[in-house]
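Taking it in order: structure first as structure tokens, then the write-up.
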Amino acid sequence: MELTRNNCTKWVFMFFLPFIILLTSYSSVYGQWKAFTLLDVGWGWEIRGVHFTSADEGWAVGAVYPNPGEPAKGLVLHYKYGAWAPVTPLVDLDYNKELYGVHFTSATEGWAVGAGPSGFPGLYKYQNGLWTPYYATSLGQTYLYGVHFTSADEGWAVGHSTMYGGVLLHYQGGAWTSVACPIEGFCMLNGVHFTSATEGWAVGYGYDGSVERGVLLHYQNGTWTDVKPSAVFWQWKLHGVHFTSATEGWAVGYGAVDDSSNWSGVLLHYQNGTWKLVTAPASTGSYRLNGVHFTSADEGWAVGEDLSGGGILLHYQGGAWAEDTPSVLSATSALHGVHFTSATEGWAVGKTIPLNRRGIFFRYSLSPLSYDKGTIGTRLYFLGSQLGTNKGKVLVGNAATKIISWSDSFIDFEIKKTLSLGPSYAVEIKPKGADTIILQDAFIMMAPEIVLVDPPSGSTPDGIRVLGNFFGTKKGKVYLEYEQGARLKKKNCKVMSWGMDSITFSVPKTSKSFPPGTYRLKVVNKVGIAEAPSDFTIEPSP
């Protein structure tokens, strides 16, 4: 993607911008943290965990307080096509059920964990477009804070029991089982990360006598052991862990430097079998670190909160940690989770911290455009500066878009017209009273794509779901195609619902000329046609 200005002086600046980005990493206007538009989810809500399967799709979990004084409910948010949206209703997530961790093994399968019914484990599985609870009352009353899977068939969740003992849950063979924690007595586990099915780490805190100390549990070849590094702080806790290989990783948290009133972020580095304390960057006050994520052994991020107010972002690069202080980190923000899909694309999530708190999303990207492909109805965001407060225009391939909101640094707009498939179109940002910003080769119009038909067979008038991408927001058609004699025929299906990534249709009536059997299923919108990866079978009516 190339950015140009139609003013010569500014064009020269934009010409050198890619080189500036390479030299300064996150200091460029178009390569830094930006705040996303806040959602209207409830009276008060917050985000605790985040995980992306690609730069274009991800999930966040947390809790929402519907009204003042009411207990929290679990909250799941989905990012796709450049926008965040709450997933409602999520089965079983009624009052007193909050979510803390989320992890996906693919775009179609993942888990969220937290508090479940009556204090039992909150385990929720996402598969093929649906969230369902996993009831595990045999595991005892448990609160879960971290989850990590090495494959769709195996993973771990960690937390603590209602008696404050460490909890390690293992998923294998389609079932969750409890594994004994090597620490007896008080132990709270907050984070977990595995480098393979046979090796991983869990972190949290427990006690040495009457003094709190960080907990590092190592899993290797079927056994968990308690690893005790040399003294870190007088009193310390761990909240997040991430490894780039079996021999290198990081754990973060916070501790008391000299007494319980002077807290500092804790950064522990594991390398070649040894944990060592790394000096954290100086901060304006006491602060804690809640999450960590690395894109390679040489680069990563840690997030947290200043205990006197304000989010904390630490960047590791070139062998050292430095504090990043973008303007989005106000004195009313706190960060809980961080996840990157590459060195140039990532998210940090958390909450605002007044009484009426709200979830916050911060996106890091070298691209000013939230999404580089879509269809009719796709929402796009442009992150920039000095755009003015008066609404201007945005063109995609010379076609006007619908402006939803416009501010000096953020534009929310929607694709409203059909563009031809194939070319990569320029996006033109036209602020009022300022030069046009041109993003060359920035957007591709996509034909619909079918990923899954669920179920793959049915009888009249069953409802069938079609999951995929780029269906658009304007209702198209679903039909079954077949040959009769030398002619190709189509049988239209009644569309019950139509969304950007999900369609529901009813199985049409059969007849002598259209009997039960196997047919090609296709979806068509104004942009193009998609064929299901496998045929659909109409079964005889019962």
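Convention: chains lettered A, B, ... in structure tokens order; per-chain residue numbering from 1; ligands numbered from 1 as shown.
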
Can you tell me, as a compact mmCIF listing (two decimals) with all heavy atoms, in the first residue's frame, what residues are no more than 12 Å from Ser513 (chain A) when counting only C-alpha atoms, ignoring any on the same chain fewer than 2 positions away?
# COMPACT_ATOMS: atom_id res chain seq x y z
N TYR A 482 -28.62 -28.34 -10.51
CA TYR A 482 -28.62 -29.73 -10.97
C TYR A 482 -28.86 -29.77 -12.48
O TYR A 482 -29.31 -28.79 -13.09
CB TYR A 482 -29.69 -30.54 -10.24
CG TYR A 482 -31.11 -30.05 -10.47
CD1 TYR A 482 -31.98 -30.72 -11.35
CD2 TYR A 482 -31.60 -28.93 -9.80
CE1 TYR A 482 -33.27 -30.29 -11.56
CE2 TYR A 482 -32.89 -28.49 -10.00
CZ TYR A 482 -33.73 -29.17 -10.87
OH TYR A 482 -35.01 -28.73 -11.09
N GLU A 483 -28.53 -30.90 -13.06
CA GLU A 483 -28.73 -31.09 -14.49
C GLU A 483 -29.95 -31.98 -14.72
O GLU A 483 -30.15 -32.98 -14.03
CB GLU A 483 -27.50 -31.74 -15.13
CG GLU A 483 -26.26 -30.84 -15.11
CD GLU A 483 -25.06 -31.50 -15.75
OE1 GLU A 483 -25.25 -32.59 -16.34
OE2 GLU A 483 -23.96 -30.93 -15.65
N GLN A 484 -30.75 -31.59 -15.69
CA GLN A 484 -31.92 -32.38 -16.06
C GLN A 484 -31.93 -32.49 -17.58
O GLN A 484 -32.14 -31.49 -18.28
CB GLN A 484 -33.20 -31.73 -15.56
CG GLN A 484 -34.42 -32.64 -15.64
CD GLN A 484 -35.62 -32.02 -14.97
OE1 GLN A 484 -36.23 -31.09 -15.51
NE2 GLN A 484 -35.95 -32.50 -13.78
N GLY A 485 -31.67 -33.69 -18.05
CA GLY A 485 -31.47 -33.84 -19.48
C GLY A 485 -30.16 -33.17 -19.86
O GLY A 485 -29.12 -33.40 -19.28
N LYS A 489 -30.32 -26.60 -14.33
CA LYS A 489 -31.44 -25.96 -13.66
C LYS A 489 -31.05 -25.52 -12.25
O LYS A 489 -30.09 -26.04 -11.65
CB LYS A 489 -32.65 -26.89 -13.61
CG LYS A 489 -33.27 -27.15 -14.97
CD LYS A 489 -34.63 -27.79 -14.83
CE LYS A 489 -35.34 -27.86 -16.16
NZ LYS A 489 -36.71 -28.39 -16.02
N LYS A 490 -31.85 -24.58 -11.72
CA LYS A 490 -31.62 -24.05 -10.37
C LYS A 490 -32.91 -24.13 -9.57
O LYS A 490 -34.00 -23.85 -10.09
CB LYS A 490 -31.17 -22.59 -10.43
CG LYS A 490 -29.90 -22.35 -11.21
CD LYS A 490 -29.62 -20.86 -11.31
CE LYS A 490 -28.37 -20.58 -12.14
NZ LYS A 490 -28.12 -19.13 -12.29
N LYS A 491 -32.77 -24.50 -8.32
CA LYS A 491 -33.90 -24.50 -7.40
C LYS A 491 -33.61 -23.50 -6.29
O LYS A 491 -32.70 -23.70 -5.47
CB LYS A 491 -34.11 -25.90 -6.80
CG LYS A 491 -35.31 -26.00 -5.88
CD LYS A 491 -36.62 -25.90 -6.66
CE LYS A 491 -37.81 -26.20 -5.77
NZ LYS A 491 -39.09 -26.13 -6.53
N LYS A 509 -39.02 -27.74 -1.10
CA LYS A 509 -39.85 -28.92 -1.30
C LYS A 509 -39.36 -29.73 -2.50
O LYS A 509 -38.88 -29.18 -3.49
CB LYS A 509 -41.31 -28.51 -1.55
CG LYS A 509 -42.00 -27.90 -0.34
CD LYS A 509 -43.44 -27.56 -0.69
CE LYS A 509 -44.16 -26.96 0.53
NZ LYS A 509 -45.57 -26.62 0.20
N THR A 510 -39.46 -31.02 -2.35
CA THR A 510 -39.08 -31.90 -3.46
C THR A 510 -40.32 -32.21 -4.31
O THR A 510 -41.46 -31.97 -3.90
CB THR A 510 -38.48 -33.22 -2.93
OG1 THR A 510 -39.41 -33.84 -2.04
CG2 THR A 510 -37.17 -32.94 -2.20
N SER A 511 -40.06 -32.73 -5.49
CA SER A 511 -41.15 -33.08 -6.43
C SER A 511 -40.62 -34.15 -7.38
O SER A 511 -39.46 -34.58 -7.28
CB SER A 511 -41.61 -31.85 -7.20
OG SER A 511 -40.55 -31.35 -8.01
N PRO A 515 -36.35 -34.39 -7.11
CA PRO A 515 -36.47 -35.40 -6.05
C PRO A 515 -35.37 -35.28 -5.01
O PRO A 515 -34.40 -34.55 -5.20
CB PRO A 515 -36.32 -36.71 -6.85
CG PRO A 515 -35.38 -36.33 -7.97
CD PRO A 515 -35.75 -34.92 -8.34
N PRO A 516 -35.50 -36.00 -3.87
CA PRO A 516 -34.40 -36.06 -2.91
C PRO A 516 -33.13 -36.55 -3.60
O PRO A 516 -33.18 -37.38 -4.52
CB PRO A 516 -34.89 -37.06 -1.87
CG PRO A 516 -36.39 -36.99 -1.96
CD PRO A 516 -36.69 -36.75 -3.41
N GLY A 517 -32.00 -36.02 -3.18
CA GLY A 517 -30.74 -36.39 -3.80
C GLY A 517 -29.65 -35.39 -3.46
O GLY A 517 -29.78 -34.59 -2.53

Could you name the residues that touch Ala83 (chain A) at 12 Å or less, counting only C-alpha atoms, but leaving out those on the same chain fewer than 2 positions away, as a PyMOL selection string? chain A and resi 36-39+56-59+77-81+85-86+361+363+369-371+377-382+412-414+500

Backbone DSSP call of strand (DSSP E) for region 341-372 of chain A, listed as number ranges by chain: A: 341-342, 345-352, 359-365

Region 325-348 of chain A residues near region 288-302 of chain A within 8 Å, closest pair each, using only C-alpha atoms, as a tab-separated table:
residue	atom	partner	partner_atom	distance
A:Leu335	CA	A:Asn290	CA	7.3
A:His336	CA	A:Asn290	CA	5.3
A:Gly337	CA	A:Gly291	CA	5.2
A:Val338	CA	A:Gly291	CA	6.1
A:His339	CA	A:His293	CA	5.9
A:Phe340	CA	A:Thr295	CA	6.7
A:Thr341	CA	A:Thr295	CA	7.4
A:Ser342	CA	A:Thr295	CA	6.0
A:Ala343	CA	A:Thr295	CA	5.7

d(CA of Lys432 (chain A), CA of Ser409 (chain A)) in Å: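 Answer for the CA of Lys432 (chain A) to CA of Ser409 (chain A) separation: 13.6 Å.
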
Which polymer residues have any atom within 12 Å of an atom of Thr150 (chain A), counting only C-alpha atoms, with same-chain residues fewer than 3 positions away left out, as a tab-separated table (two decimals) with N, CA, C and O atoms, in the first residue's frame?
chain	number	residue	atom	x	y	z
A	103	HIS	N	-8.55	-18.48	23.71
A	103	HIS	CA	-7.52	-18.97	22.81
A	103	HIS	C	-8.17	-19.76	21.68
A	103	HIS	O	-9.06	-20.57	21.92
A	104	PHE	N	-7.71	-19.52	20.45
A	104	PHE	CA	-8.24	-20.19	19.27
A	104	PHE	C	-7.13	-20.98	18.59
A	104	PHE	O	-5.99	-20.53	18.50
A	105	THR	N	-7.49	-22.17	18.10
A	105	THR	CA	-6.55	-22.97	17.33
A	105	THR	C	-6.73	-22.76	15.83
A	105	THR	O	-5.85	-23.09	15.04
A	106	SER	N	-7.87	-22.22	15.43
A	106	SER	CA	-8.15	-21.90	14.03
A	106	SER	C	-9.30	-20.90	14.01
A	106	SER	O	-9.87	-20.57	15.06
A	110	GLY	N	-12.21	-22.64	19.05
A	110	GLY	CA	-11.49	-22.03	20.16
A	110	GLY	C	-12.22	-22.19	21.47
A	110	GLY	O	-13.31	-22.77	21.53
A	147	VAL	N	-5.90	-19.81	29.39
A	147	VAL	CA	-6.14	-20.99	28.58
A	147	VAL	C	-5.18	-20.97	27.40
A	147	VAL	O	-4.89	-19.92	26.83
A	153	ASP	N	-7.16	-30.67	19.69
A	153	ASP	CA	-7.43	-31.83	20.53
A	153	ASP	C	-6.79	-31.77	21.91
A	153	ASP	O	-7.07	-32.64	22.75
A	154	GLU	N	-5.91	-30.78	22.16
A	154	GLU	CA	-5.24	-30.77	23.45
A	154	GLU	C	-4.92	-29.35	23.91
A	154	GLU	O	-4.46	-28.52	23.12
A	155	GLY	N	-5.19	-29.11	25.20
A	155	GLY	CA	-4.91	-27.80	25.76
A	155	GLY	C	-5.01	-27.79	27.27
A	155	GLY	O	-5.32	-28.81	27.90
A	156	TRP	N	-4.74	-26.60	27.86
A	156	TRP	CA	-4.74	-26.44	29.31
A	156	TRP	C	-5.47	-25.16	29.71
A	156	TRP	O	-5.45	-24.17	28.98
A	157	ALA	N	-6.10	-25.21	30.88
A	157	ALA	CA	-6.69	-24.02	31.49
A	157	ALA	C	-6.23	-23.97	32.94
A	157	ALA	O	-6.08	-25.02	33.59
A	170	HIS	N	-6.66	-30.16	32.14
A	170	HIS	CA	-6.09	-30.68	30.90
A	170	HIS	C	-7.21	-31.16	29.99
A	170	HIS	O	-8.08	-31.93	30.41
A	171	TYR	N	-7.20	-30.69	28.74
A	171	TYR	CA	-8.19	-31.14	27.75
A	171	TYR	C	-7.52	-32.09	26.78
A	171	TYR	O	-6.52	-31.76	26.14
A	172	GLN	N	-8.09	-33.29	26.67
A	172	GLN	CA	-7.54	-34.30	25.76
A	172	GLN	C	-8.62	-35.36	25.53
A	172	GLN	O	-9.37	-35.71	26.44
A	192	VAL	N	-0.99	-19.20	31.25
A	192	VAL	CA	-0.43	-20.48	30.82
A	192	VAL	C	-0.01	-20.36	29.36
A	192	VAL	O	-0.68	-19.71	28.56
A	193	HIS	N	1.12	-20.99	29.01
A	193	HIS	CA	1.56	-21.02	27.62
A	193	HIS	C	2.40	-22.27	27.37
A	193	HIS	O	3.27	-22.61	28.17
A	194	PHE	N	2.11	-22.96	26.26
A	194	PHE	CA	2.82	-24.17	25.90
A	194	PHE	C	3.56	-23.97	24.58
A	194	PHE	O	3.06	-23.30	23.67
A	195	THR	N	4.76	-24.54	24.50
A	195	THR	CA	5.51	-24.50	23.24
A	195	THR	C	5.30	-25.78	22.43
A	195	THR	O	5.59	-25.81	21.24
A	196	SER	N	4.81	-26.83	23.09
A	196	SER	CA	4.48	-28.09	22.42
A	196	SER	C	3.53	-28.85	23.35
A	196	SER	O	3.28	-28.42	24.48
A	197	ALA	N	3.02	-29.98	22.89
A	197	ALA	CA	2.11	-30.75	23.72
A	197	ALA	C	2.79	-31.31	24.97
A	197	ALA	O	2.13	-31.67	25.94
A	198	THR	N	4.12	-31.37	24.95
A	198	THR	CA	4.85	-31.97	26.07
A	198	THR	C	5.59	-30.97	26.95
A	198	THR	O	6.23	-31.37	27.92
A	199	GLU	N	5.53	-29.66	26.62
A	199	GLU	CA	6.24	-28.69	27.45
A	199	GLU	C	5.52	-27.34	27.48
A	199	GLU	O	5.08	-26.84	26.45
A	200	GLY	N	5.43	-26.80	28.70
A	200	GLY	CA	4.78	-25.50	28.86
A	200	GLY	C	4.98	-24.95	30.25
A	200	GLY	O	5.62	-25.57	31.11

Of the residues A:Ser502, A:Thr279, A:Thr344, A:Thr274, which is the one nearest to Lys228 (chain A), using only C-alpha atoms? A:Thr274

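Of note, CA of Gly350 (chain A) and CA of Arg48 (chain A) are spaced 6.1 Å apart.
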
Set the distance at 6 Å and use only C-alpha atoms: which residues neighbour Ala63 (chain A) once local chain neighbours fewer than 4 positions away are removed? I'd like the list as a list in words. Trp45, Glu46, Ala72, Lys73, Gly74, Leu75 and Glu98 of chain A

Nearest to Ala322 (chain A) by atom-to-atom distance, counting only C-alpha atoms, from A:Trp498, A:Arg357, A:Val113, A:Val278: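 Nearest candidate to Ala322 (chain A) out of A:Trp498, A:Arg357, A:Val113, A:Val278: A:Val278.
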
Skipping near chain neighbours, those fewer than 4 positions away, what residues fall within 10 Å of Tyr270 (chain A) using only C-alpha atoms, listed as a short mmCIF file (atom, residue, chain, number, x, y, z; two decimals) with all heavy atoms, in the first residue's frame?
data_model
loop_
_atom_site.label_atom_id
_atom_site.label_comp_id
_atom_site.auth_asym_id
_atom_site.auth_seq_id
_atom_site.Cartn_x
_atom_site.Cartn_y
_atom_site.Cartn_z
N PHE A 243 6.11 -17.70 25.51
CA PHE A 243 7.38 -18.26 25.05
C PHE A 243 7.46 -18.22 23.53
O PHE A 243 6.44 -18.40 22.84
CB PHE A 243 7.51 -19.72 25.52
CG PHE A 243 8.12 -19.86 26.89
CD1 PHE A 243 7.45 -19.40 28.02
CD2 PHE A 243 9.37 -20.43 27.06
CE1 PHE A 243 8.00 -19.51 29.28
CE2 PHE A 243 9.94 -20.55 28.32
CZ PHE A 243 9.26 -20.09 29.43
N ALA A 246 11.06 -23.37 23.19
CA ALA A 246 11.18 -24.11 24.44
C ALA A 246 12.29 -23.57 25.32
O ALA A 246 12.30 -23.79 26.53
CB ALA A 246 11.42 -25.59 24.15
N THR A 247 13.22 -22.81 24.75
CA THR A 247 14.37 -22.32 25.51
C THR A 247 14.33 -20.83 25.81
O THR A 247 15.24 -20.30 26.44
CB THR A 247 15.68 -22.62 24.76
OG1 THR A 247 15.64 -22.00 23.46
CG2 THR A 247 15.87 -24.12 24.59
N GLU A 248 13.27 -20.13 25.35
CA GLU A 248 13.23 -18.68 25.60
C GLU A 248 11.80 -18.19 25.77
O GLU A 248 10.92 -18.52 24.97
CB GLU A 248 13.91 -17.91 24.47
CG GLU A 248 14.05 -16.42 24.78
CD GLU A 248 15.20 -15.77 24.04
OE1 GLU A 248 15.79 -16.43 23.16
OE2 GLU A 248 15.51 -14.61 24.33
N GLY A 249 11.59 -17.40 26.83
CA GLY A 249 10.27 -16.84 27.08
C GLY A 249 10.30 -15.78 28.16
O GLY A 249 11.35 -15.46 28.73
N TRP A 250 9.11 -15.22 28.44
CA TRP A 250 8.98 -14.13 29.40
C TRP A 250 7.76 -14.36 30.30
O TRP A 250 6.76 -14.92 29.87
CB TRP A 250 8.82 -12.79 28.69
CG TRP A 250 10.06 -12.36 27.96
CD1 TRP A 250 10.46 -12.74 26.70
CD2 TRP A 250 11.06 -11.47 28.44
NE1 TRP A 250 11.65 -12.15 26.37
CE2 TRP A 250 12.04 -11.34 27.41
CE3 TRP A 250 11.23 -10.73 29.61
CZ2 TRP A 250 13.17 -10.54 27.54
CZ3 TRP A 250 12.36 -9.93 29.74
CH2 TRP A 250 13.31 -9.84 28.73
N ALA A 251 7.88 -13.90 31.54
CA ALA A 251 6.75 -13.85 32.47
C ALA A 251 6.70 -12.44 33.06
O ALA A 251 7.74 -11.82 33.30
CB ALA A 251 6.92 -14.88 33.58
N THR A 274 17.27 -20.97 32.62
CA THR A 274 17.37 -20.11 33.80
C THR A 274 16.44 -18.91 33.68
O THR A 274 16.36 -18.29 32.62
CB THR A 274 18.81 -19.61 33.99
OG1 THR A 274 19.69 -20.74 34.08
CG2 THR A 274 18.93 -18.77 35.25
N TRP A 275 15.75 -18.60 34.79
CA TRP A 275 14.94 -17.37 34.88
C TRP A 275 15.77 -16.26 35.51
O TRP A 275 16.41 -16.46 36.54
CB TRP A 275 13.70 -17.60 35.73
CG TRP A 275 12.63 -18.41 35.07
CD1 TRP A 275 12.40 -19.75 35.22
CD2 TRP A 275 11.63 -17.93 34.17
NE1 TRP A 275 11.32 -20.14 34.47
CE2 TRP A 275 10.83 -19.04 33.81
CE3 TRP A 275 11.34 -16.68 33.62
CZ2 TRP A 275 9.74 -18.93 32.93
CZ3 TRP A 275 10.26 -16.57 32.75
CH2 TRP A 275 9.48 -17.69 32.41
N LYS A 276 15.76 -15.07 34.88
CA LYS A 276 16.47 -13.92 35.43
C LYS A 276 15.57 -12.70 35.42
O LYS A 276 14.79 -12.49 34.49
CB LYS A 276 17.73 -13.63 34.60
CG LYS A 276 18.81 -14.70 34.70
CD LYS A 276 20.05 -14.30 33.89
CE LYS A 276 21.13 -15.36 34.01
NZ LYS A 276 22.35 -15.00 33.22
N LEU A 277 15.71 -11.89 36.46
CA LEU A 277 14.95 -10.64 36.54
C LEU A 277 15.60 -9.59 35.64
O LEU A 277 16.81 -9.39 35.68
CB LEU A 277 14.93 -10.13 37.99
CG LEU A 277 14.21 -8.81 38.23
CD1 LEU A 277 12.73 -8.94 37.97
CD2 LEU A 277 14.46 -8.32 39.67
#

So which residues touch region 209-213 of chain A within 6 Å, counting only C-alpha atoms, skipping near sequence neighbours fewer than 4 positions away, as a ChimeraX atom specification? /A:205,235-237

Please determine, counting only C-alpha atoms, which residue among A:Val41, A:Ala280, A:Ala331, A:Leu467 has the shortest atom-to-atom distance to Gly62 (chain A).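 Ranking A:Val41, A:Ala280, A:Ala331, A:Leu467 by distance to Gly62 (chain A), first place goes to A:Val41.
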
How many Å separate CA of Lys494 (chain A) from CA of Asn128 (chain A)?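 Computed distance, CA of Lys494 (chain A) to CA of Asn128 (chain A), equals 22.1 Å.
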
Could you find all residues in region 26-231 of chain A that DSSP calls helix (DSSP H, G or I) from the backbone, and write them as a PDB file with all heavy atoms, in the first residue's frame?
ATOM      1  N   PRO A 117     -21.361 -21.656  36.157  1.00  0.00           N
ATOM      2  CA  PRO A 117     -22.530 -21.686  37.049  1.00  0.00           C
ATOM      3  C   PRO A 117     -22.165 -22.199  38.434  1.00  0.00           C
ATOM      4  O   PRO A 117     -21.444 -23.180  38.579  1.00  0.00           O
ATOM      5  CB  PRO A 117     -23.488 -22.642  36.326  1.00  0.00           C
ATOM      6  CG  PRO A 117     -22.631 -23.453  35.419  1.00  0.00           C
ATOM      7  CD  PRO A 117     -21.506 -22.574  35.019  1.00  0.00           C
ATOM      8  N   SER A 118     -22.640 -21.501  39.442  1.00  0.00           N
ATOM      9  CA  SER A 118     -22.448 -21.872  40.855  1.00  0.00           C
ATOM     10  C   SER A 118     -20.983 -22.049  41.218  1.00  0.00           C
ATOM     11  O   SER A 118     -20.631 -22.847  42.089  1.00  0.00           O
ATOM     12  CB  SER A 118     -23.214 -23.176  41.178  1.00  0.00           C
ATOM     13  OG  SER A 118     -24.577 -23.029  40.890  1.00  0.00           O
ATOM     14  N   GLY A 119     -20.096 -21.307  40.550  1.00  0.00           N
ATOM     15  CA  GLY A 119     -18.681 -21.367  40.871  1.00  0.00           C
ATOM     16  C   GLY A 119     -17.939 -22.505  40.215  1.00  0.00           C
ATOM     17  O   GLY A 119     -16.737 -22.669  40.441  1.00  0.00           O
ATOM     18  N   THR A 137     -18.935 -30.215  36.291  1.00  0.00           N
ATOM     19  CA  THR A 137     -19.135 -30.111  37.736  1.00  0.00           C
ATOM     20  C   THR A 137     -18.222 -31.065  38.496  1.00  0.00           C
ATOM     21  O   THR A 137     -17.914 -30.835  39.669  1.00  0.00           O
ATOM     22  CB  THR A 137     -20.601 -30.415  38.089  1.00  0.00           C
ATOM     23  OG1 THR A 137     -20.943 -31.708  37.556  1.00  0.00           O
ATOM     24  CG2 THR A 137     -21.524 -29.374  37.486  1.00  0.00           C
ATOM     25  N   SER A 138     -17.751 -32.135  37.830  1.00  0.00           N
ATOM     26  CA  SER A 138     -16.864 -33.087  38.501  1.00  0.00           C
ATOM     27  C   SER A 138     -15.500 -32.468  38.812  1.00  0.00           C
ATOM     28  O   SER A 138     -14.732 -33.014  39.608  1.00  0.00           O
ATOM     29  CB  SER A 138     -16.667 -34.326  37.624  1.00  0.00           C
ATOM     30  OG  SER A 138     -16.064 -33.976  36.390  1.00  0.00           O
ATOM     31  N   LEU A 139     -15.185 -31.316  38.184  1.00  0.00           N
ATOM     32  CA  LEU A 139     -13.889 -30.673  38.408  1.00  0.00           C
ATOM     33  C   LEU A 139     -13.895 -29.763  39.630  1.00  0.00           C
ATOM     34  O   LEU A 139     -12.874 -29.168  39.958  1.00  0.00           O
ATOM     35  CB  LEU A 139     -13.481 -29.878  37.171  1.00  0.00           C
ATOM     36  CG  LEU A 139     -13.336 -30.702  35.880  1.00  0.00           C
ATOM     37  CD1 LEU A 139     -13.022 -29.794  34.710  1.00  0.00           C
ATOM     38  CD2 LEU A 139     -12.257 -31.759  36.051  1.00  0.00           C
TER      39      LEU A 139
END

Could you check which of A:Leu216, A:Ala434, A:Val241, A:Ala486 is closest to Met188 (chain A), using only C-alpha atoms?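 Among the listed residues, the smallest separation from Met188 (chain A) belongs to A:Leu216.
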
In terms of only C-alpha atoms, the residue from A:Phe536, A:Phe443, A:Tyr219, A:Trp224 at minimal distance from Tyr479 (chain A) is A:Phe536
